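A.B. asks: Have a look at the structure that comes next, please.
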Amino acid sequence: MSNETVGFKRVPCAVCSGTGELRIESENINENFEVEKQTVITECPQCRGLGFIPPARPA
């Protein structure tokens with residue numbers, strides 16, 4: 001067994017709460033002056049969609 005094969009504890013991402021995605025609520029007014037609501041779902045930039053922060057690699 002190699003000492004390099006070590007498990008790590010997953011720490012949930014604080015930005016996306018461990019989901020791996022961000023939800024941004026948006027409101028737009030169309031040409032008929034009606035409010036259109038939509039939810040934009042995007043990958044979390046902090047954890048890159050993993051939902052947890054990978055451990056730092058030793059230098």
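Residue names in the structure tokens use chain letters A, B, ... in the order shown, residue numbers from 1 in each chain, and ligand numbers from 1 in the order shown.
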Skip Ser26 of chain A itself and residues of its chain fewer than 2 positions away, then list as a list in words all residues within 8 Å of it, counting only C-alpha atoms.
C.D. replies: Ile24, Asn28, Lys37, Gln38, Thr39 and Val40 of chain A
A.B. asks: List the neighbours of Gly18 of chain A out to 7 Å using only C-alpha atoms; skip same-chain residues closer than 5 positions along the sequence, and give me the result as a ChimeraX atom specification.
C.D. replies: /A:12-13,51-52
A.B. asks: Could you write those residues out with N, CA and C atoms, as a PDB file, in the first residue's frame?
C.D. replies:
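Resulting contents of selection-v9.pdb:
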ATOM      1  N   PRO A  12     -18.231  20.797   2.220  1.00  0.00           N
ATOM      2  CA  PRO A  12     -19.177  21.406   1.281  1.00  0.00           C
ATOM      3  C   PRO A  12     -18.772  22.834   0.929  1.00  0.00           C
ATOM      4  N   CYS A  13     -18.992  23.201  -0.294  1.00  0.00           N
ATOM      5  CA  CYS A  13     -18.692  24.552  -0.768  1.00  0.00           C
ATOM      6  C   CYS A  13     -19.619  25.543  -0.067  1.00  0.00           C
ATOM      7  N   GLY A  51     -19.404  20.694  -5.792  1.00  0.00           N
ATOM      8  CA  GLY A  51     -20.203  20.702  -4.572  1.00  0.00           C
ATOM      9  C   GLY A  51     -19.354  20.682  -3.311  1.00  0.00           C
ATOM     10  N   PHE A  52     -18.049  20.470  -3.481  1.00  0.00           N
ATOM     11  CA  PHE A  52     -17.132  20.482  -2.334  1.00  0.00           C
ATOM     12  C   PHE A  52     -15.820  21.097  -2.786  1.00  0.00           C
TER      13      PHE A  52
END
A.B. asks: Show which residues sit within 8 Å of Gly49 of chain A, as a ChimeraX atom specification. Count only C-alpha atoms, and ignore same-chain residues fewer than 6 positions away.
C.D. replies: /A:19-21,43
A.B. asks: DSSP on the backbone, then: every residue of chain A marked strand (DSSP E), written as number ranges by chain.
C.D. replies: A: 11-12, 21-29, 35-43, 52-53
A.B. asks: So that I have them on file, write out the residues from the current selection with C-alpha atoms, as an mmCIF file, in the first residue's frame.
C.D. replies:
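Final output, saved to part.cif:
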data_model
loop_
_atom_site.group_PDB
_atom_site.id
_atom_site.type_symbol
_atom_site.label_atom_id
_atom_site.label_comp_id
_atom_site.auth_asym_id
_atom_site.auth_seq_id
_atom_site.Cartn_x
_atom_site.Cartn_y
_atom_site.Cartn_z
ATOM 1 C CA VAL A 11 -15.976 20.032 2.896
ATOM 2 C CA PRO A 12 -19.177 21.406 1.281
ATOM 3 C CA GLU A 21 -24.674 25.131 -8.942
ATOM 4 C CA LEU A 22 -25.810 28.707 -8.447
ATOM 5 C CA ARG A 23 -29.365 29.859 -9.069
ATOM 6 C CA ILE A 24 -29.816 33.486 -10.046
ATOM 7 C CA GLU A 25 -33.317 34.943 -10.070
ATOM 8 C CA SER A 26 -33.877 37.411 -12.903
ATOM 9 C CA GLU A 27 -36.745 39.716 -13.845
ATOM 10 C CA ASN A 28 -37.184 41.335 -17.248
ATOM 11 C CA ILE A 29 -39.882 43.571 -18.685
ATOM 12 C CA VAL A 35 -42.670 41.199 -15.935
ATOM 13 C CA GLU A 36 -41.020 37.938 -16.940
ATOM 14 C CA LYS A 37 -39.278 36.012 -14.177
ATOM 15 C CA GLN A 38 -36.704 33.355 -14.868
ATOM 16 C CA THR A 39 -34.114 31.379 -12.958
ATOM 17 C CA VAL A 40 -30.651 31.075 -14.451
ATOM 18 C CA ILE A 41 -28.757 27.983 -13.260
ATOM 19 C CA THR A 42 -24.987 28.022 -13.643
ATOM 20 C CA GLU A 43 -21.992 26.054 -12.402
ATOM 21 C CA PHE A 52 -17.132 20.482 -2.334
ATOM 22 C CA ILE A 53 -13.744 22.145 -2.121
#
A.B. asks: Have a look at atom CA of Lys9 of chain A and atom CA of Cys44 of chain A and let me know their distance in Å, one decimal.
C.D. replies: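 Atom-to-atom, atom CA of Lys9 of chain A and atom CA of Cys44 of chain A are spaced 19.8 Å apart.
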